[in-house]
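J.: Structure: start-v9.pdb, PDB, C-alpha atoms, pLDDT in the B column.
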```pdb
ATOM      1  CA  MET D 227      17.362 -14.494 -25.708  1.00 52.00           C
ATOM      2  CA  SER D 228      19.521 -13.247 -22.886  1.00 53.00           C
ATOM      3  CA  THR D 229      18.774 -10.103 -20.936  1.00 54.00           C
ATOM      4  CA  PRO D 230      21.732  -7.791 -20.251  1.00 54.00           C
ATOM      5  CA  LEU D 231      22.386  -6.850 -16.630  1.00 51.00           C
ATOM      6  CA  ILE D 232      23.383  -3.396 -15.516  1.00 56.00           C
ATOM      7  CA  HIS D 233      24.817  -2.316 -12.177  1.00 52.00           C
ATOM      8  CA  ARG D 234      23.543   0.679 -10.245  1.00 52.00           C
ATOM      9  CA  PRO D 235      25.876   2.144  -7.607  1.00 51.00           C
ATOM     10  CA  GLU D 236      24.570   2.099  -4.034  1.00 53.00           C
ATOM     11  CA  SER D 237      25.397   4.613  -1.342  1.00 55.00           C
ATOM     12  CA  ASN D 238      27.898   2.242   0.293  1.00 58.00           C
ATOM     13  CA  GLY D 239      29.842   1.683  -2.934  1.00 54.00           C
ATOM     14  CA  ALA D 240      28.398  -1.744  -3.695  1.00 54.00           C
ATOM     15  CA  SER D 241      26.255  -2.332  -6.744  1.00 51.00           C
ATOM     16  CA  THR D 242      22.953  -4.135  -7.127  1.00 53.00           C
ATOM     17  CA  PRO D 243      22.173  -5.936 -10.391  1.00 55.00           C
ATOM     18  CA  ALA D 244      19.019  -4.830 -12.140  1.00 52.00           C
ATOM     19  CA  VAL D 245      17.304  -6.458 -15.092  1.00 51.00           C
ATOM     20  CA  VAL D 246      16.671  -4.075 -17.965  1.00 52.00           C
ATOM     21  CA  ALA D 247      13.118  -4.177 -19.299  1.00 52.00           C
ATOM     22  CA  ALA D 248      12.770  -5.086 -22.962  1.00 55.00           C
ATOM     23  CA  GLY D 249      10.845  -3.042 -25.488  1.00 54.00           C
ATOM     24  CA  PRO D 250      10.827   0.488 -26.861  1.00 57.00           C
ATOM     25  CA  GLY D 251      11.504   3.153 -24.280  1.00 54.00           C
ATOM     26  CA  ALA D 252      12.070   0.528 -21.583  1.00 50.00           C
ATOM     27  CA  ALA D 253      15.707   1.431 -20.993  1.00 49.00           C
ATOM     28  CA  GLU D 254      14.608   4.262 -18.694  1.00 52.00           C
ATOM     29  CA  TYR D 255      13.237   1.889 -16.043  1.00 52.00           C
ATOM     30  CA  ALA D 256      15.160  -1.084 -14.696  1.00 56.00           C
ATOM     31  CA  LEU D 257      13.143  -3.893 -13.152  1.00 57.00           C
ATOM     32  CA  PRO D 258      14.157  -4.895  -9.609  1.00 55.00           C
ATOM     33  CA  ALA D 259      16.407  -7.932  -9.460  1.00 57.00           C
ATOM     34  CA  THR D 260      16.585  -8.595  -5.720  1.00 68.00           C
ATOM     35  CA  SER D 261      13.886 -10.268  -3.690  1.00 66.00           C
ATOM     36  CA  ARG D 262      13.708  -7.263  -1.346  1.00 65.00           C
ATOM     37  CA  ASP D 263      12.957  -4.902  -4.235  1.00 68.00           C
ATOM     38  CA  ILE D 264      10.338  -7.285  -5.588  1.00 72.00           C
ATOM     39  CA  GLY D 265       8.829  -7.545  -2.081  1.00 70.00           C
ATOM     40  CA  ALA D 266       8.647  -3.755  -1.812  1.00 72.00           C
ATOM     41  CA  GLN D 267       6.815  -3.559  -5.124  1.00 77.00           C
ATOM     42  CA  ALA D 268       4.500  -6.437  -4.178  1.00 80.00           C
ATOM     43  CA  SER D 269       3.576  -4.698  -0.919  1.00 80.00           C
ATOM     44  CA  ALA D 270       2.914  -1.472  -2.839  1.00 81.00           C
ATOM     45  CA  VAL D 271       0.642  -3.328  -5.275  1.00 86.00           C
ATOM     46  CA  LEU D 272      -1.261  -4.998  -2.417  1.00 89.00           C
ATOM     47  CA  GLY D 273      -1.683  -1.617  -0.739  1.00 87.00           C
ATOM     48  CA  LEU D 274      -2.900  -0.098  -3.998  1.00 90.00           C
ATOM     49  CA  LEU D 275      -5.431  -2.897  -4.556  1.00 92.00           C
ATOM     50  CA  THR D 276      -6.642  -2.651  -0.969  1.00 92.00           C
ATOM     51  CA  GLY D 277      -7.155   1.092  -1.388  1.00 91.00           C
ATOM     52  CA  VAL D 278      -9.108   0.543  -4.595  1.00 93.00           C
ATOM     53  CA  TRP D 279     -11.341  -1.988  -2.796  1.00 92.00           C
ATOM     54  CA  VAL D 280     -11.994   0.399   0.099  1.00 90.00           C
ATOM     55  CA  ALA D 281     -12.832   3.238  -2.309  1.00 90.00           C
ATOM     56  CA  LEU D 282     -15.166   1.069  -4.417  1.00 91.00           C
ATOM     57  CA  SER D 283     -16.754  -0.940  -1.590  1.00 87.00           C
ATOM     58  CA  PRO D 284     -19.693   1.485  -1.124  1.00 85.00           C
ATOM     59  CA  TRP D 285     -20.961   0.398  -4.541  1.00 86.00           C
ATOM     60  CA  PHE D 286     -20.830  -3.301  -3.586  1.00 85.00           C
ATOM     61  CA  LEU D 287     -21.689  -3.303   0.131  1.00 84.00           C
ATOM     62  CA  THR D 288     -24.264  -1.555   2.280  1.00 80.00           C
ATOM     63  CA  LEU D 289     -22.069   0.475   4.612  1.00 78.00           C
ATOM     64  CA  GLN D 290     -24.681   2.630   6.282  1.00 77.00           C
ATOM     65  CA  ASN D 291     -28.403   2.118   6.708  1.00 74.00           C
ATOM     66  CA  THR D 292     -29.260   5.816   6.237  1.00 76.00           C
ATOM     67  CA  GLY D 293     -27.040   8.628   4.978  1.00 76.00           C
ATOM     68  CA  THR D 294     -23.752   8.685   3.094  1.00 80.00           C
ATOM     69  CA  ASN D 295     -21.164   9.405   5.785  1.00 80.00           C
ATOM     70  CA  ALA D 296     -19.663   5.902   5.659  1.00 82.00           C
ATOM     71  CA  ASN D 297     -19.522   6.014   1.860  1.00 85.00           C
ATOM     72  CA  THR D 298     -17.632   9.310   1.982  1.00 87.00           C
ATOM     73  CA  VAL D 299     -15.197   8.042   4.622  1.00 87.00           C
ATOM     74  CA  ASN D 300     -14.477   4.910   2.597  1.00 87.00           C
ATOM     75  CA  LEU D 301     -14.052   6.821  -0.650  1.00 91.00           C
ATOM     76  CA  ILE D 302     -11.587   9.324   0.841  1.00 92.00           C
ATOM     77  CA  SER D 303      -9.693   6.680   2.829  1.00 91.00           C
ATOM     78  CA  GLY D 304      -9.514   4.319  -0.147  1.00 91.00           C
ATOM     79  CA  LEU D 305      -8.232   7.016  -2.477  1.00 94.00           C
ATOM     80  CA  ALA D 306      -5.581   8.006   0.083  1.00 92.00           C
ATOM     81  CA  VAL D 307      -4.431   4.381   0.457  1.00 90.00           C
ATOM     82  CA  ALA D 308      -4.411   3.855  -3.318  1.00 91.00           C
ATOM     83  CA  GLY D 309      -2.433   7.076  -3.744  1.00 90.00           C
ATOM     84  CA  LEU D 310       0.200   5.929  -1.257  1.00 86.00           C
ATOM     85  CA  GLY D 311       0.431   2.584  -3.045  1.00 85.00           C
ATOM     86  CA  ALA D 312       0.845   4.329  -6.409  1.00 88.00           C
ATOM     87  CA  LEU D 313       3.589   6.573  -5.012  1.00 87.00           C
ATOM     88  CA  ALA D 314       5.382   3.556  -3.562  1.00 81.00           C
ATOM     89  CA  LEU D 315       5.243   1.896  -6.995  1.00 81.00           C
ATOM     90  CA  LEU D 316       7.119   4.806  -8.550  1.00 80.00           C
ATOM     91  CA  SER D 317      10.259   3.582  -6.824  1.00 66.00           C
ATOM     92  CA  PRO D 318      11.350  -0.036  -7.227  1.00 54.00           C
ATOM     93  CA  ARG D 319      12.443   0.045  -3.588  1.00 56.00           C
ATOM     94  CA  GLY D 320       9.393   1.743  -2.046  1.00 57.00           C
ATOM     95  CA  PHE D 321       9.454   4.461   0.593  1.00 68.00           C
ATOM     96  CA  ALA D 322       9.529   3.820   4.332  1.00 70.00           C
ATOM     97  CA  GLY D 323       7.417   6.922   5.019  1.00 75.00           C
ATOM     98  CA  LEU D 324       4.707   5.669   2.684  1.00 80.00           C
ATOM     99  CA  GLN D 325       4.644   2.329   4.501  1.00 82.00           C
ATOM    100  CA  VAL D 326       4.124   4.121   7.811  1.00 86.00           C
ATOM    101  CA  GLY D 327       1.337   6.166   6.202  1.00 86.00           C
ATOM    102  CA  SER D 328      -0.315   2.971   4.948  1.00 87.00           C
ATOM    103  CA  ALA D 329      -0.129   1.455   8.434  1.00 90.00           C
ATOM    104  CA  LEU D 330      -1.761   4.556   9.938  1.00 93.00           C
ATOM    105  CA  LEU D 331      -4.509   4.466   7.312  1.00 91.00           C
ATOM    106  CA  GLY D 332      -4.999   0.776   8.143  1.00 92.00           C
ATOM    107  CA  VAL D 333      -5.512   1.675  11.797  1.00 95.00           C
ATOM    108  CA  TRP D 334      -7.957   4.392  10.712  1.00 92.00           C
ATOM    109  CA  LEU D 335      -9.967   1.898   8.657  1.00 90.00           C
ATOM    110  CA  ILE D 336     -10.273  -0.377  11.674  1.00 92.00           C
ATOM    111  CA  ILE D 337     -11.432   2.358  14.055  1.00 92.00           C
ATOM    112  CA  ALA D 338     -13.545   4.387  11.575  1.00 87.00           C
ATOM    113  CA  GLY D 339     -16.570   2.078  11.882  1.00 84.00           C
ATOM    114  CA  PRO D 340     -16.825   2.258  15.687  1.00 87.00           C
ATOM    115  CA  ILE D 341     -16.261   6.023  15.598  1.00 87.00           C
ATOM    116  CA  LEU D 342     -18.997   6.547  13.000  1.00 83.00           C
ATOM    117  CA  SER D 343     -21.381   4.178  14.788  1.00 82.00           C
ATOM    118  CA  GLN D 344     -21.503   6.576  17.749  1.00 84.00           C
ATOM    119  CA  LYS D 345     -23.630   8.980  15.668  1.00 82.00           C
ATOM    120  CA  PHE D 346     -24.817   7.051  12.624  1.00 81.00           C
ATOM    121  CA  SER D 347     -26.328   3.648  11.929  1.00 80.00           C
ATOM    122  CA  ILE D 348     -23.435   1.673  10.409  1.00 78.00           C
ATOM    123  CA  ALA D 349     -24.113  -1.702   8.766  1.00 82.00           C
ATOM    124  CA  ASP D 350     -22.106  -4.817   9.677  1.00 83.00           C
ATOM    125  CA  PRO D 351     -20.478  -5.192   6.220  1.00 84.00           C
ATOM    126  CA  MET D 352     -18.605  -1.928   6.796  1.00 84.00           C
ATOM    127  CA  PHE D 353     -17.126  -3.213  10.041  1.00 85.00           C
ATOM    128  CA  TRP D 354     -15.981  -6.460   8.412  1.00 90.00           C
ATOM    129  CA  SER D 355     -14.751  -4.986   5.136  1.00 89.00           C
ATOM    130  CA  ASN D 356     -12.830  -2.138   6.737  1.00 88.00           C
ATOM    131  CA  SER D 357     -11.383  -4.313   9.498  1.00 92.00           C
ATOM    132  CA  VAL D 358     -10.046  -6.839   7.001  1.00 94.00           C
ATOM    133  CA  ALA D 359      -8.735  -4.090   4.700  1.00 93.00           C
ATOM    134  CA  GLY D 360      -7.101  -2.301   7.653  1.00 93.00           C
ATOM    135  CA  GLY D 361      -5.485  -5.535   8.818  1.00 95.00           C
ATOM    136  CA  VAL D 362      -4.143  -6.191   5.313  1.00 93.00           C
ATOM    137  CA  LEU D 363      -2.709  -2.666   5.135  1.00 92.00           C
ATOM    138  CA  ILE D 364      -1.016  -2.995   8.521  1.00 93.00           C
ATOM    139  CA  ALA D 365       0.466  -6.395   7.605  1.00 92.00           C
ATOM    140  CA  VAL D 366       1.647  -5.192   4.185  1.00 87.00           C
ATOM    141  CA  ALA D 367       3.178  -2.064   5.711  1.00 86.00           C
ATOM    142  CA  ALA D 368       4.959  -4.144   8.361  1.00 88.00           C
ATOM    143  CA  LEU D 369       6.392  -6.422   5.665  1.00 82.00           C
ATOM    144  CA  GLY D 370       7.449  -3.419   3.604  1.00 76.00           C
ATOM    145  CA  LEU D 371       9.133  -1.772   6.579  1.00 79.00           C
ATOM    146  CA  THR D 372      10.911  -5.036   7.367  1.00 78.00           C
ATOM    147  CA  ALA D 373      12.220  -5.190   3.799  1.00 69.00           C
ATOM    148  CA  VAL D 374      13.439  -1.584   4.051  1.00 66.00           C
ATOM    149  CA  ALA D 375      15.138  -2.280   7.396  1.00 70.00           C
ATOM    150  CA  MET D 376      16.872  -5.383   6.030  1.00 69.00           C
ATOM    151  CA  ARG D 377      18.197  -3.431   3.043  1.00 63.00           C
ATOM    152  CA  ARG D 378      19.980  -0.774   5.105  1.00 60.00           C
ATOM    153  CA  PRO D 379      23.459  -1.614   6.390  1.00 61.00           C
ATOM    154  CA  ALA D 380      23.946  -1.592  10.170  1.00 56.00           C
ATOM    155  CA  ARG D 381      25.470   1.595  11.581  1.00 61.00           C
ATOM    156  CA  ARG D 382      28.591   1.358  13.690  1.00 60.00           C
TER     157      ARG D 382
END
```
Go ahead and render the structure in this file as structure tokens.
T.:
Amino acid sequence: MSTPLIHRPESNGASTPAVVAAGPGAAEYALPATSRDIGAQASAVLGLLTGVWVALSPWFLTLQNTGTNANTVNLISGLAVAGLGALALLSPRGFAGLQVGSALLGVWLIIAGPILSQKFSIADPMFWSNSVAGGVLIAVAALGLTAVAMRRPARR
């Protein structure tokens, strides 16, 4: 079975082939056909999964020895990251502003533990989990921004 290709006009007059999804009601959404579009969606999915992990990590790890401040910070930060990832998935090309937001939330995850440890007793798993998650978010955002920059034609 062959899949028909359609062409969507770009702003510079060129067209990018897109694969049409099969199935009922699938004609409304064309799957990305270029590696850059697939990379943008992959980075959005990784950001979404990282946000879900950060939001759910209080139920799997001991983040704070007493109190719930670290749990609250992780829940809010994780939901924000997951929300940005979900918004980036709405577009097959992603959004540069959302990638910058993910990078900033990644930096926040890295510095949140040391900031909270000034007043509260933070457990080591929070430092490790949030540092790794923040590093993943920063790397994914950098890759997504690189893909966006490569897609735009050079200005003269």
J.: Compare D:Val271, D:Met352, D:Gly304, D:Leu310 by their minimum atom-to-atom distance to D:Gly323, counting all atoms listed in the file, and give me the closest one.
T.: D:Leu310
J.: State, in Å with one decimal place, the distance from atom CA of D:Ser303 to atom CA of D:Ser357.
T.: 13.0 Å
J.: Neighbouring residues of D:Ala281 were defined as those with any atom within 10 Å, considering only C-alpha atoms; residues of the same chain fewer than 3 positions away were excluded. Please report them as a PyMOL selection string.
T.: chain D and resi 275-278+284-285+297-308
J.: Print the selection's residues with C-alpha atoms to a file, as a PDB file, in the coordinates of the input.
T.:
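Dumped to result.pdb:
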```
ATOM      1  CA  LEU D 275      -5.431  -2.897  -4.556  1.00 92.00           C
ATOM      2  CA  THR D 276      -6.642  -2.651  -0.969  1.00 92.00           C
ATOM      3  CA  GLY D 277      -7.155   1.092  -1.388  1.00 91.00           C
ATOM      4  CA  VAL D 278      -9.108   0.543  -4.595  1.00 93.00           C
ATOM      5  CA  PRO D 284     -19.693   1.485  -1.124  1.00 85.00           C
ATOM      6  CA  TRP D 285     -20.961   0.398  -4.541  1.00 86.00           C
ATOM      7  CA  ASN D 297     -19.522   6.014   1.860  1.00 85.00           C
ATOM      8  CA  THR D 298     -17.632   9.310   1.982  1.00 87.00           C
ATOM      9  CA  VAL D 299     -15.197   8.042   4.622  1.00 87.00           C
ATOM     10  CA  ASN D 300     -14.477   4.910   2.597  1.00 87.00           C
ATOM     11  CA  LEU D 301     -14.052   6.821  -0.650  1.00 91.00           C
ATOM     12  CA  ILE D 302     -11.587   9.324   0.841  1.00 92.00           C
ATOM     13  CA  SER D 303      -9.693   6.680   2.829  1.00 91.00           C
ATOM     14  CA  GLY D 304      -9.514   4.319  -0.147  1.00 91.00           C
ATOM     15  CA  LEU D 305      -8.232   7.016  -2.477  1.00 94.00           C
ATOM     16  CA  ALA D 306      -5.581   8.006   0.083  1.00 92.00           C
ATOM     17  CA  VAL D 307      -4.431   4.381   0.457  1.00 90.00           C
ATOM     18  CA  ALA D 308      -4.411   3.855  -3.318  1.00 91.00           C
TER      19      ALA D 308
END
```
J.: Calculate, to one decimal in Å, the centre and edge lengths of the box along x, y and z of the file that holds all listed atoms of stretch 287-296 of chain D with 4 Å of margin on each side, and present them as AutoDock Vina command-line options.
T.:
```
--center_x -24.5 --center_y 3.1 --center_z 3.4 --size_x 17.6 --size_y 20.7 --size_z 14.6
```
J.: How many Å lie between atom CA of D:Leu369 and atom CA of D:Ile337, rounded to one decimal?
T.: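 Here the two named atoms are 21.6 Å from each other.
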J.: Give me, as a list of chain:residue names, all polymer residues having an atom no more than 8 Å from D:Leu363, counting all atoms listed in the file and skipping those fewer than 5 positions away in the same chain.
T.: D:Gly273, D:Thr276, D:Ser328, D:Ala329, D:Leu331, D:Gly332
J.: Any idea what the distance is between atom CA of D:Gly370 and atom CA of D:Gln267?
T.: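 For atom CA of D:Gly370 relative to atom CA of D:Gln267, the distance reads 8.8 Å.
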J.: May I have the residues within 10 Å of D:Leu287 as a short mmCIF file (atom, residue, chain, number, x, y, z; two decimals) with C-alpha atoms, in the coordinates of the input, using all atoms listed in the file and disregarding those fewer than 5 positions away in the same chain?
T.:
```
data_model
loop_
_atom_site.label_atom_id
_atom_site.label_comp_id
_atom_site.auth_asym_id
_atom_site.auth_seq_id
_atom_site.Cartn_x
_atom_site.Cartn_y
_atom_site.Cartn_z
CA LEU D 282 -15.17 1.07 -4.42
CA ASN D 297 -19.52 6.01 1.86
CA ALA D 349 -24.11 -1.70 8.77
CA ASP D 350 -22.11 -4.82 9.68
CA PRO D 351 -20.48 -5.19 6.22
CA MET D 352 -18.60 -1.93 6.80
CA SER D 355 -14.75 -4.99 5.14
#
```
J.: If the PyMOL selection byres ((chain D and resi 290) around 6) were run on this exact file, what residues would it hold? Put them as a list in words.
T.: Thr288, Leu289, Asn291, Thr292, Ser347, Ile348 and Ala349 of chain D
J.: Which is closer to D:Ala270 than all the others in D:Asn356, D:Thr294, D:Ser343, D:Gln325, using all atoms listed in the file?
T.: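 Of all the options, D:Gln325 lies closest to D:Ala270.
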J.: When you look at D:Val333 with a cut-off of 12 Å (counting all atoms listed in the file), what residues show up, excluding the ones that are within fewer than 6 positions of it in the same chain? I need them as a count of residues only.
T.: 17
